Amino acid sequence: MPEPATIVVLLLVLGAEFVNGFTDAPNAVATVISTRVLRPYTAILMATVLNTLGALAGTAVAKTIGQGIVKPGAIDTMTVGAAMVGIIFWSTLAWRYGLPTSESHALVAGLAGAGLATAGPSVLLWEGWRKVLIGIGFSTTLGFLGGIVLMGVIYRLLARSSRHSVNRAFGRLQILSSAFMAFGHGSNDAQKFMGVFVLALVLGGSFTSFEIPVWVILLCAGTMGLGTACGGWRIIRTMGVRITKLTPVHGFAAETSSGVVIMLASAFGIPLSTTHTINTAIMGVGATRRLSAVRWGVGSEIVSAWILTFPVCALIAWLVATAAKLLAG
């Protein structure tokens, strides 16, 4: 049985995973809901199931987060708890304004800030941060270009088809692309908090090695799915309606291209932002109609939230860890 302090930290991890559910997991179903291909609760149920299946597909990303961002031997459960406080505060604030944030960046920034307060600069591990930087490139560049390229190919192949037949065909195909995106989201994003959950158990002495049991996978994935069902609508509206007008063919292109990028990153243990990936893919898809089809003002608001995530979450985690350290010592 974990000690009381460890239990509190584990609850904070699940709290952050719940917040992840209503700020990040809606990425997988925003387009399929906005194009009215699936009813909202049907889409969310599908996303919950496939997020869980995706989470069962591997543990490479979880190990990167749990062992590769900060030195596990130099921190304690208090460090992990402080990082979770930063994530919960910032992500809830952004959700209040309908801005999709990156829980990936909030998580690594929170761990870094709390780790710096606990053990100083030597706590950071370059190998894990190298993967984080690669993930930023994957999610922004490949997401945007993937949406443009796939949409361009579809336009070329179906140039002589009627709009009605295209929308009808891609209305069905978009169910598959949304399912693929949800599975990819689980294979990358759901793993991150599993890694932190197990890290807390190792630091608390409940686990002797960094192994992720099935019950942890199901608990974290289920918590994320519950968060999506409870509060994902603000983010769904921003992504599915406010950035650009989407039809089923656009939704299919955005989901498929971002799903491929996410699955590729998961295979190499690269923790990338699924939020960045699908948002840039939506922008890329919208830009193929004309540049003015994308509401770049909304895009700039989202980008501002992305940029602020690193310093804000790191600072909050640093302050909480510093305060806890002073109270304990």
# chains A, B, ... in the order shown; residues from 1 in each chain; ligands from 1

call {"tool": "residues_around", "arguments": {"residues": "Pro271 of chain A", "least_positions_apart": "4", "cutoff": "9 Å", "atoms": "only C-alpha atoms", "output": "tab-separated table (two decimals) with C-alpha atoms, in the first residue's frame"}}
result
chain	number	residue	atom	x	y	z
A	61	VAL	CA	6.70	7.18	-24.85
A	62	ALA	CA	5.85	6.42	-21.20
A	64	THR	CA	10.76	8.56	-22.20
A	65	ILE	CA	8.59	10.68	-19.89
A	104	SER	CA	2.90	17.09	-23.46
A	105	HIS	CA	4.67	20.42	-23.15
A	128	GLY	CA	14.77	12.94	-23.36
A	131	LYS	CA	13.17	13.76	-28.27
A	132	VAL	CA	10.92	16.57	-27.03
A	134	ILE	CA	12.15	16.46	-32.31
A	135	GLY	CA	8.49	16.13	-31.30
A	136	ILE	CA	7.97	19.88	-31.66
A	188	ASN	CA	1.39	8.76	-27.57
A	189	ASP	CA	-0.54	11.08	-25.28
A	191	GLN	CA	1.23	7.01	-22.30
A	192	LYS	CA	2.73	10.20	-20.86
A	262	ILE	CA	1.63	10.67	-34.21
A	265	ALA	CA	6.52	9.49	-33.25
A	266	SER	CA	5.11	6.84	-30.89

call {"tool": "closest_atom_pairs", "arguments": {"of": "segment 108-203 of chain A", "to": "segment 47-57 of chain A", "cutoff": "7 Å", "atoms": "only C-alpha atoms", "output": "JSON lines"}}
result
{"residue": "A:Ala179", "atom": "CA", "partner": "A:Leu50", "partner_atom": "CA", "distance": 6.7}
{"residue": "A:Ala182", "atom": "CA", "partner": "A:Ala47", "partner_atom": "CA", "distance": 5.2}
{"residue": "A:Phe183", "atom": "CA", "partner": "A:Gly54", "partner_atom": "CA", "distance": 4.5}
{"residue": "A:Gly184", "atom": "CA", "partner": "A:Gly54", "partner_atom": "CA", "distance": 6.1}
{"residue": "A:His185", "atom": "CA", "partner": "A:Asn51", "partner_atom": "CA", "distance": 6.2}
{"residue": "A:Gly186", "atom": "CA", "partner": "A:Asn51", "partner_atom": "CA", "distance": 4.0}
{"residue": "A:Ser187", "atom": "CA", "partner": "A:Gly54", "partner_atom": "CA", "distance": 4.3}
{"residue": "A:Ala190", "atom": "CA", "partner": "A:Ala55", "partner_atom": "CA", "distance": 5.8}
{"residue": "A:Gln191", "atom": "CA", "partner": "A:Ala55", "partner_atom": "CA", "distance": 5.9}

call {"tool": "write_last_selection", "arguments": {"atoms": "C-alpha atoms", "output": "PDB file, in the first residue's frame"}}
result
ATOM      1  CA  ALA A 179     -10.691   6.207 -35.141  1.00  0.00           C
ATOM      2  CA  ALA A 182      -7.897   8.407 -31.525  1.00  0.00           C
ATOM      3  CA  PHE A 183      -5.767   5.261 -31.546  1.00  0.00           C
ATOM      4  CA  GLY A 184      -2.683   7.333 -32.346  1.00  0.00           C
ATOM      5  CA  HIS A 185      -3.541   9.783 -29.570  1.00  0.00           C
ATOM      6  CA  GLY A 186      -3.673   6.900 -27.092  1.00  0.00           C
ATOM      7  CA  SER A 187      -0.383   5.483 -28.344  1.00  0.00           C
ATOM      8  CA  ALA A 190      -2.171   8.564 -22.953  1.00  0.00           C
ATOM      9  CA  GLN A 191       1.227   7.012 -22.296  1.00  0.00           C
TER      10      GLN A 191
END

call {"tool": "closest_atom_pairs", "arguments": {"of": "segment 173-272 of chain A", "to": "segment 153-157 of chain A", "cutoff": "12 Å", "atoms": "only C-alpha atoms", "output": "JSON lines"}}
result
{"residue": "A:Val249", "atom": "CA", "partner": "A:Ile154", "partner_atom": "CA", "distance": 8.4}
{"residue": "A:His250", "atom": "CA", "partner": "A:Ile154", "partner_atom": "CA", "distance": 9.6}
{"residue": "A:Phe252", "atom": "CA", "partner": "A:Ile154", "partner_atom": "CA", "distance": 10.2}
{"residue": "A:Ala253", "atom": "CA", "partner": "A:Ile154", "partner_atom": "CA", "distance": 8.3}
{"residue": "A:Ala254", "atom": "CA", "partner": "A:Ile154", "partner_atom": "CA", "distance": 11.8}
{"residue": "A:Ser257", "atom": "CA", "partner": "A:Val153", "partner_atom": "CA", "distance": 11.9}

call {"tool": "write_last_selection", "arguments": {"atoms": "N, CA and C atoms", "output": "PDB file, in the first residue's frame"}}
result
ATOM      1  N   VAL A 249     -14.295  15.667 -46.200  1.00  0.00           N
ATOM      2  CA  VAL A 249     -13.027  15.393 -46.884  1.00  0.00           C
ATOM      3  C   VAL A 249     -11.868  16.124 -46.199  1.00  0.00           C
ATOM      4  N   HIS A 250     -12.125  17.340 -45.705  1.00  0.00           N
ATOM      5  CA  HIS A 250     -11.095  18.075 -44.984  1.00  0.00           C
ATOM      6  C   HIS A 250     -10.787  17.408 -43.644  1.00  0.00           C
ATOM      7  N   PHE A 252     -11.158  14.250 -42.948  1.00  0.00           N
ATOM      8  CA  PHE A 252     -10.421  13.019 -43.234  1.00  0.00           C
ATOM      9  C   PHE A 252      -8.936  13.308 -43.448  1.00  0.00           C
ATOM     10  N   ALA A 253      -8.632  14.332 -44.241  1.00  0.00           N
ATOM     11  CA  ALA A 253      -7.233  14.661 -44.547  1.00  0.00           C
ATOM     12  C   ALA A 253      -6.478  15.089 -43.292  1.00  0.00           C
ATOM     13  N   ALA A 254      -7.114  15.927 -42.463  1.00  0.00           N
ATOM     14  CA  ALA A 254      -6.459  16.409 -41.244  1.00  0.00           C
ATOM     15  C   ALA A 254      -6.202  15.274 -40.268  1.00  0.00           C
ATOM     16  N   SER A 257      -3.504  12.592 -41.795  1.00  0.00           N
ATOM     17  CA  SER A 257      -2.128  13.081 -41.810  1.00  0.00           C
ATOM     18  C   SER A 257      -1.571  13.226 -40.399  1.00  0.00           C
TER      19      SER A 257
END

call {"tool": "atom_distance", "arguments": {"atom1": "atom CA of Phe18 of chain A", "atom2": "atom CA of Leu45 of chain A"}}
result
15.5 Å

call {"tool": "closest_residue", "arguments": {"among": "A:Thr59, A:Ala112, A:Tyr97, A:Gly137", "to": "Gly269 of chain A", "atoms": "only C-alpha atoms"}}
result
A:Thr59

call {"tool": "residues_around", "arguments": {"residues": "segment 140-152 of chain A", "least_positions_apart": "3", "cutoff": "12 Å", "atoms": "only C-alpha atoms", "output": "ChimeraX atom specification"}}
result
/A:133-137,155-159,247-262,264-265,272-291,303,306

call {"tool": "residues_around", "arguments": {"residues": "Val196 of chain A", "least_positions_apart": "6", "cutoff": "12 Å", "atoms": "only C-alpha atoms", "output": "VMD selection string"}}
result
chain A and resid 9 to 14 16 to 17 61 to 70 72 76 to 77 79 to 81 83 to 84 104 107 to 108 110 to 111 189 to 190 202 to 203 210 to 212 216 to 217 220

call {"tool": "residues_around", "arguments": {"residues": "segment 35-39 of chain A", "least_positions_apart": "6", "cutoff": "10 Å", "atoms": "only C-alpha atoms", "output": "list in words"}}
result
Val29, Met46, Asn167, Arg168, Phe170, Gly171, Arg172, Leu173, Gln174, Ile175, Ser178, Gly240, Val241, Lys245, Leu246, Thr247, Pro248, Val249, His250 and Gly251 of chain A

call {"tool": "write_last_selection", "arguments": {"atoms": "N, CA and C atoms", "output": "PDB file, in the first residue's frame"}}
result
ATOM      1  N   VAL A  29     -11.527  13.821 -31.881  1.00  0.00           N
ATOM      2  CA  VAL A  29     -12.908  13.753 -32.376  1.00  0.00           C
ATOM      3  C   VAL A  29     -13.477  15.113 -32.785  1.00  0.00           C
ATOM      4  N   MET A  46     -16.259   6.321 -28.955  1.00  0.00           N
ATOM      5  CA  MET A  46     -15.278   5.715 -29.853  1.00  0.00           C
ATOM      6  C   MET A  46     -13.863   6.151 -29.477  1.00  0.00           C
ATOM      7  N   ASN A 167     -18.409  14.245 -50.531  1.00  0.00           N
ATOM      8  CA  ASN A 167     -18.766  14.386 -49.117  1.00  0.00           C
ATOM      9  C   ASN A 167     -19.404  13.121 -48.575  1.00  0.00           C
ATOM     10  N   ARG A 168     -20.196  12.460 -49.419  1.00  0.00           N
ATOM     11  CA  ARG A 168     -20.831  11.222 -48.961  1.00  0.00           C
ATOM     12  C   ARG A 168     -19.803  10.125 -48.727  1.00  0.00           C
ATOM     13  N   PHE A 170     -16.505  10.496 -48.185  1.00  0.00           N
ATOM     14  CA  PHE A 170     -15.577  10.832 -47.100  1.00  0.00           C
ATOM     15  C   PHE A 170     -16.280  10.951 -45.753  1.00  0.00           C
ATOM     16  N   GLY A 171     -17.591  11.074 -45.774  1.00  0.00           N
ATOM     17  CA  GLY A 171     -18.324  11.002 -44.509  1.00  0.00           C
ATOM     18  C   GLY A 171     -18.122   9.649 -43.852  1.00  0.00           C
ATOM     19  N   ARG A 172     -18.078   8.601 -44.672  1.00  0.00           N
ATOM     20  CA  ARG A 172     -17.823   7.251 -44.136  1.00  0.00           C
ATOM     21  C   ARG A 172     -16.351   7.067 -43.796  1.00  0.00           C
ATOM     22  N   LEU A 173     -15.499   7.543 -44.701  1.00  0.00           N
ATOM     23  CA  LEU A 173     -14.060   7.382 -44.472  1.00  0.00           C
ATOM     24  C   LEU A 173     -13.595   8.170 -43.251  1.00  0.00           C
ATOM     25  N   GLN A 174     -14.283   9.273 -42.947  1.00  0.00           N
ATOM     26  CA  GLN A 174     -13.847  10.075 -41.813  1.00  0.00           C
ATOM     27  C   GLN A 174     -14.043   9.349 -40.484  1.00  0.00           C
ATOM     28  N   ILE A 175     -14.978   8.428 -40.431  1.00  0.00           N
ATOM     29  CA  ILE A 175     -15.126   7.621 -39.214  1.00  0.00           C
ATOM     30  C   ILE A 175     -13.852   6.818 -38.977  1.00  0.00           C
ATOM     31  N   SER A 178     -10.963   9.238 -37.997  1.00  0.00           N
ATOM     32  CA  SER A 178     -11.104   9.688 -36.620  1.00  0.00           C
ATOM     33  C   SER A 178     -10.709   8.584 -35.640  1.00  0.00           C
ATOM     34  N   GLY A 240     -12.845  22.470 -34.298  1.00  0.00           N
ATOM     35  CA  GLY A 240     -13.699  22.008 -35.381  1.00  0.00           C
ATOM     36  C   GLY A 240     -14.445  23.095 -36.119  1.00  0.00           C
ATOM     37  N   VAL A 241     -14.582  24.282 -35.517  1.00  0.00           N
ATOM     38  CA  VAL A 241     -15.398  25.333 -36.120  1.00  0.00           C
ATOM     39  C   VAL A 241     -14.630  26.635 -36.302  1.00  0.00           C
ATOM     40  N   LYS A 245     -13.605  26.327 -41.781  1.00  0.00           N
ATOM     41  CA  LYS A 245     -14.787  25.520 -42.055  1.00  0.00           C
ATOM     42  C   LYS A 245     -14.357  24.176 -42.616  1.00  0.00           C
ATOM     43  N   LEU A 246     -14.852  23.097 -41.982  1.00  0.00           N
ATOM     44  CA  LEU A 246     -14.448  21.749 -42.382  1.00  0.00           C
ATOM     45  C   LEU A 246     -15.613  20.978 -42.987  1.00  0.00           C
ATOM     46  N   THR A 247     -15.325  20.240 -44.044  1.00  0.00           N
ATOM     47  CA  THR A 247     -16.253  19.259 -44.601  1.00  0.00           C
ATOM     48  C   THR A 247     -15.636  17.883 -44.335  1.00  0.00           C
ATOM     49  N   PRO A 248     -16.376  16.794 -44.573  1.00  0.00           N
ATOM     50  CA  PRO A 248     -15.813  15.472 -44.299  1.00  0.00           C
ATOM     51  C   PRO A 248     -14.476  15.196 -44.977  1.00  0.00           C
ATOM     52  N   VAL A 249     -14.295  15.667 -46.200  1.00  0.00           N
ATOM     53  CA  VAL A 249     -13.027  15.393 -46.884  1.00  0.00           C
ATOM     54  C   VAL A 249     -11.868  16.124 -46.199  1.00  0.00           C
ATOM     55  N   HIS A 250     -12.125  17.340 -45.705  1.00  0.00           N
ATOM     56  CA  HIS A 250     -11.095  18.075 -44.984  1.00  0.00           C
ATOM     57  C   HIS A 250     -10.787  17.408 -43.644  1.00  0.00           C
ATOM     58  N   GLY A 251     -11.844  16.969 -42.958  1.00  0.00           N
ATOM     59  CA  GLY A 251     -11.638  16.272 -41.690  1.00  0.00           C
ATOM     60  C   GLY A 251     -10.841  15.002 -41.874  1.00  0.00           C
TER      61      GLY A 251
END

call {"tool": "decode", "arguments": {"residues": "segment 47-90 of chain A", "atoms": "N, CA and C atoms", "output": "PDB file, in the first residue's frame"}}
result
ATOM      1  N   ALA A  47     -13.694   7.450 -29.199  1.00  0.00           N
ATOM      2  CA  ALA A  47     -12.375   7.966 -28.845  1.00  0.00           C
ATOM      3  C   ALA A  47     -11.865   7.346 -27.551  1.00  0.00           C
ATOM      4  N   THR A  48     -12.754   7.171 -26.573  1.00  0.00           N
ATOM      5  CA  THR A  48     -12.352   6.584 -25.293  1.00  0.00           C
ATOM      6  C   THR A  48     -11.850   5.156 -25.474  1.00  0.00           C
ATOM      7  N   VAL A  49     -12.600   4.373 -26.251  1.00  0.00           N
ATOM      8  CA  VAL A  49     -12.213   2.973 -26.478  1.00  0.00           C
ATOM      9  C   VAL A  49     -10.890   2.893 -27.234  1.00  0.00           C
ATOM     10  N   LEU A  50     -10.756   3.684 -28.295  1.00  0.00           N
ATOM     11  CA  LEU A  50      -9.547   3.600 -29.121  1.00  0.00           C
ATOM     12  C   LEU A  50      -8.340   4.267 -28.459  1.00  0.00           C
ATOM     13  N   ASN A  51      -8.578   5.272 -27.623  1.00  0.00           N
ATOM     14  CA  ASN A  51      -7.486   5.816 -26.820  1.00  0.00           C
ATOM     15  C   ASN A  51      -6.918   4.735 -25.904  1.00  0.00           C
ATOM     16  N   THR A  52      -7.817   3.948 -25.310  1.00  0.00           N
ATOM     17  CA  THR A  52      -7.374   2.870 -24.418  1.00  0.00           C
ATOM     18  C   THR A  52      -6.607   1.808 -25.192  1.00  0.00           C
ATOM     19  N   LEU A  53      -7.121   1.421 -26.358  1.00  0.00           N
ATOM     20  CA  LEU A  53      -6.425   0.427 -27.182  1.00  0.00           C
ATOM     21  C   LEU A  53      -5.060   0.957 -27.639  1.00  0.00           C
ATOM     22  N   GLY A  54      -5.023   2.245 -27.995  1.00  0.00           N
ATOM     23  CA  GLY A  54      -3.750   2.845 -28.385  1.00  0.00           C
ATOM     24  C   GLY A  54      -2.750   2.837 -27.245  1.00  0.00           C
ATOM     25  N   ALA A  55      -3.250   3.094 -26.038  1.00  0.00           N
ATOM     26  CA  ALA A  55      -2.372   3.093 -24.869  1.00  0.00           C
ATOM     27  C   ALA A  55      -1.771   1.717 -24.611  1.00  0.00           C
ATOM     28  N   LEU A  56      -2.491   0.671 -25.013  1.00  0.00           N
ATOM     29  CA  LEU A  56      -2.004  -0.702 -24.829  1.00  0.00           C
ATOM     30  C   LEU A  56      -0.990  -1.104 -25.896  1.00  0.00           C
ATOM     31  N   ALA A  57      -0.807  -0.238 -26.896  1.00  0.00           N
ATOM     32  CA  ALA A  57       0.026  -0.613 -28.045  1.00  0.00           C
ATOM     33  C   ALA A  57       1.527  -0.559 -27.766  1.00  0.00           C
ATOM     34  N   GLY A  58       1.933   0.066 -26.684  1.00  0.00           N
ATOM     35  CA  GLY A  58       3.363   0.156 -26.393  1.00  0.00           C
ATOM     36  C   GLY A  58       3.625   1.048 -25.201  1.00  0.00           C
ATOM     37  N   THR A  59       4.887   1.111 -24.765  1.00  0.00           N
ATOM     38  CA  THR A  59       5.230   1.929 -23.599  1.00  0.00           C
ATOM     39  C   THR A  59       6.465   2.801 -23.845  1.00  0.00           C
ATOM     40  N   ALA A  60       6.881   2.946 -25.106  1.00  0.00           N
ATOM     41  CA  ALA A  60       8.113   3.687 -25.405  1.00  0.00           C
ATOM     42  C   ALA A  60       8.014   5.142 -24.962  1.00  0.00           C
ATOM     43  N   VAL A  61       6.866   5.780 -25.228  1.00  0.00           N
ATOM     44  CA  VAL A  61       6.697   7.185 -24.846  1.00  0.00           C
ATOM     45  C   VAL A  61       6.633   7.322 -23.327  1.00  0.00           C
ATOM     46  N   ALA A  62       5.943   6.381 -22.664  1.00  0.00           N
ATOM     47  CA  ALA A  62       5.848   6.417 -21.203  1.00  0.00           C
ATOM     48  C   ALA A  62       7.227   6.335 -20.562  1.00  0.00           C
ATOM     49  N   LYS A  63       8.095   5.517 -21.125  1.00  0.00           N
ATOM     50  CA  LYS A  63       9.445   5.382 -20.568  1.00  0.00           C
ATOM     51  C   LYS A  63      10.276   6.644 -20.806  1.00  0.00           C
ATOM     52  N   THR A  64      10.060   7.290 -21.953  1.00  0.00           N
ATOM     53  CA  THR A  64      10.761   8.557 -22.202  1.00  0.00           C
ATOM     54  C   THR A  64      10.376   9.595 -21.160  1.00  0.00           C
ATOM     55  N   ILE A  65       9.072   9.703 -20.872  1.00  0.00           N
ATOM     56  CA  ILE A  65       8.594  10.681 -19.894  1.00  0.00           C
ATOM     57  C   ILE A  65       9.023  10.303 -18.482  1.00  0.00           C
ATOM     58  N   GLY A  66       8.867   9.035 -18.132  1.00  0.00           N
ATOM     59  CA  GLY A  66       9.145   8.597 -16.768  1.00  0.00           C
ATOM     60  C   GLY A  66      10.618   8.508 -16.418  1.00  0.00           C
ATOM     61  N   GLN A  67      11.472   8.285 -17.434  1.00  0.00           N
ATOM     62  CA  GLN A  67      12.884   8.071 -17.145  1.00  0.00           C
ATOM     63  C   GLN A  67      13.830   8.997 -17.899  1.00  0.00           C
ATOM     64  N   GLY A  68      13.324   9.751 -18.896  1.00  0.00           N
ATOM     65  CA  GLY A  68      14.232  10.479 -19.771  1.00  0.00           C
ATOM     66  C   GLY A  68      14.213  11.987 -19.686  1.00  0.00           C
ATOM     67  N   ILE A  69      13.283  12.581 -18.921  1.00  0.00           N
ATOM     68  CA  ILE A  69      13.189  14.043 -18.854  1.00  0.00           C
ATOM     69  C   ILE A  69      14.008  14.593 -17.681  1.00  0.00           C
ATOM     70  N   VAL A  70      13.827  13.995 -16.513  1.00  0.00           N
ATOM     71  CA  VAL A  70      14.622  14.351 -15.331  1.00  0.00           C
ATOM     72  C   VAL A  70      15.173  13.067 -14.719  1.00  0.00           C
ATOM     73  N   LYS A  71      16.274  13.159 -14.007  1.00  0.00           N
ATOM     74  CA  LYS A  71      16.890  11.988 -13.385  1.00  0.00           C
ATOM     75  C   LYS A  71      15.986  11.466 -12.270  1.00  0.00           C
ATOM     76  N   PRO A  72      15.471  10.239 -12.398  1.00  0.00           N
ATOM     77  CA  PRO A  72      14.585   9.711 -11.350  1.00  0.00           C
ATOM     78  C   PRO A  72      15.249   9.644  -9.979  1.00  0.00           C
ATOM     79  N   GLY A  73      16.557   9.391  -9.953  1.00  0.00           N
ATOM     80  CA  GLY A  73      17.244   9.273  -8.672  1.00  0.00           C
ATOM     81  C   GLY A  73      17.482  10.592  -7.969  1.00  0.00           C
ATOM     82  N   ALA A  74      17.250  11.713  -8.667  1.00  0.00           N
ATOM     83  CA  ALA A  74      17.526  13.026  -8.080  1.00  0.00           C
ATOM     84  C   ALA A  74      16.273  13.736  -7.604  1.00  0.00           C
ATOM     85  N   ILE A  75      15.099  13.133  -7.827  1.00  0.00           N
ATOM     86  CA  ILE A  75      13.843  13.781  -7.445  1.00  0.00           C
ATOM     87  C   ILE A  75      13.062  12.896  -6.486  1.00  0.00           C
ATOM     88  N   ASP A  76      11.931  13.388  -6.018  1.00  0.00           N
ATOM     89  CA  ASP A  76      11.068  12.614  -5.134  1.00  0.00           C
ATOM     90  C   ASP A  76       9.615  12.795  -5.558  1.00  0.00           C
ATOM     91  N   THR A  77       8.708  12.194  -4.816  1.00  0.00           N
ATOM     92  CA  THR A  77       7.292  12.283  -5.186  1.00  0.00           C
ATOM     93  C   THR A  77       6.790  13.726  -5.131  1.00  0.00           C
ATOM     94  N   MET A  78       7.363  14.538  -4.220  1.00  0.00           N
ATOM     95  CA  MET A  78       6.980  15.940  -4.128  1.00  0.00           C
ATOM     96  C   MET A  78       7.223  16.660  -5.458  1.00  0.00           C
ATOM     97  N   THR A  79       8.317  16.299  -6.129  1.00  0.00           N
ATOM     98  CA  THR A  79       8.651  16.894  -7.422  1.00  0.00           C
ATOM     99  C   THR A  79       7.554  16.594  -8.442  1.00  0.00           C
ATOM    100  N   VAL A  80       7.126  15.348  -8.475  1.00  0.00           N
ATOM    101  CA  VAL A  80       6.072  14.938  -9.405  1.00  0.00           C
ATOM    102  C   VAL A  80       4.769  15.657  -9.085  1.00  0.00           C
ATOM    103  N   GLY A  81       4.432  15.746  -7.807  1.00  0.00           N
ATOM    104  CA  GLY A  81       3.200  16.423  -7.408  1.00  0.00           C
ATOM    105  C   GLY A  81       3.196  17.890  -7.800  1.00  0.00           C
ATOM    106  N   ALA A  82       4.331  18.554  -7.637  1.00  0.00           N
ATOM    107  CA  ALA A  82       4.434  19.972  -8.009  1.00  0.00           C
ATOM    108  C   ALA A  82       4.220  20.157  -9.504  1.00  0.00           C
ATOM    109  N   ALA A  83       4.778  19.262 -10.299  1.00  0.00           N
ATOM    110  CA  ALA A  83       4.597  19.323 -11.756  1.00  0.00           C
ATOM    111  C   ALA A  83       3.125  19.183 -12.119  1.00  0.00           C
ATOM    112  N   MET A  84       2.412  18.289 -11.429  1.00  0.00           N
ATOM    113  CA  MET A  84       0.989  18.078 -11.727  1.00  0.00           C
ATOM    114  C   MET A  84       0.155  19.308 -11.378  1.00  0.00           C
ATOM    115  N   VAL A  85       0.510  20.001 -10.299  1.00  0.00           N
ATOM    116  CA  VAL A  85      -0.218  21.221  -9.921  1.00  0.00           C
ATOM    117  C   VAL A  85      -0.118  22.264 -11.039  1.00  0.00           C
ATOM    118  N   GLY A  86       1.085  22.424 -11.601  1.00  0.00           N
ATOM    119  CA  GLY A  86       1.275  23.373 -12.699  1.00  0.00           C
ATOM    120  C   GLY A  86       0.430  23.029 -13.905  1.00  0.00           C
ATOM    121  N   ILE A  87       0.372  21.736 -14.253  1.00  0.00           N
ATOM    122  CA  ILE A  87      -0.415  21.290 -15.401  1.00  0.00           C
ATOM    123  C   ILE A  87      -1.900  21.565 -15.193  1.00  0.00           C
ATOM    124  N   ILE A  88      -2.404  21.180 -14.022  1.00  0.00           N
ATOM    125  CA  ILE A  88      -3.830  21.327 -13.740  1.00  0.00           C
ATOM    126  C   ILE A  88      -4.245  22.794 -13.772  1.00  0.00           C
ATOM    127  N   PHE A  89      -3.431  23.658 -13.161  1.00  0.00           N
ATOM    128  CA  PHE A  89      -3.771  25.089 -13.118  1.00  0.00           C
ATOM    129  C   PHE A  89      -3.783  25.693 -14.513  1.00  0.00           C
ATOM    130  N   TRP A  90      -2.707  25.517 -15.260  1.00  0.00           N
ATOM    131  CA  TRP A  90      -2.578  26.166 -16.564  1.00  0.00           C
ATOM    132  C   TRP A  90      -3.581  25.616 -17.579  1.00  0.00           C
TER     133      TRP A  90
END
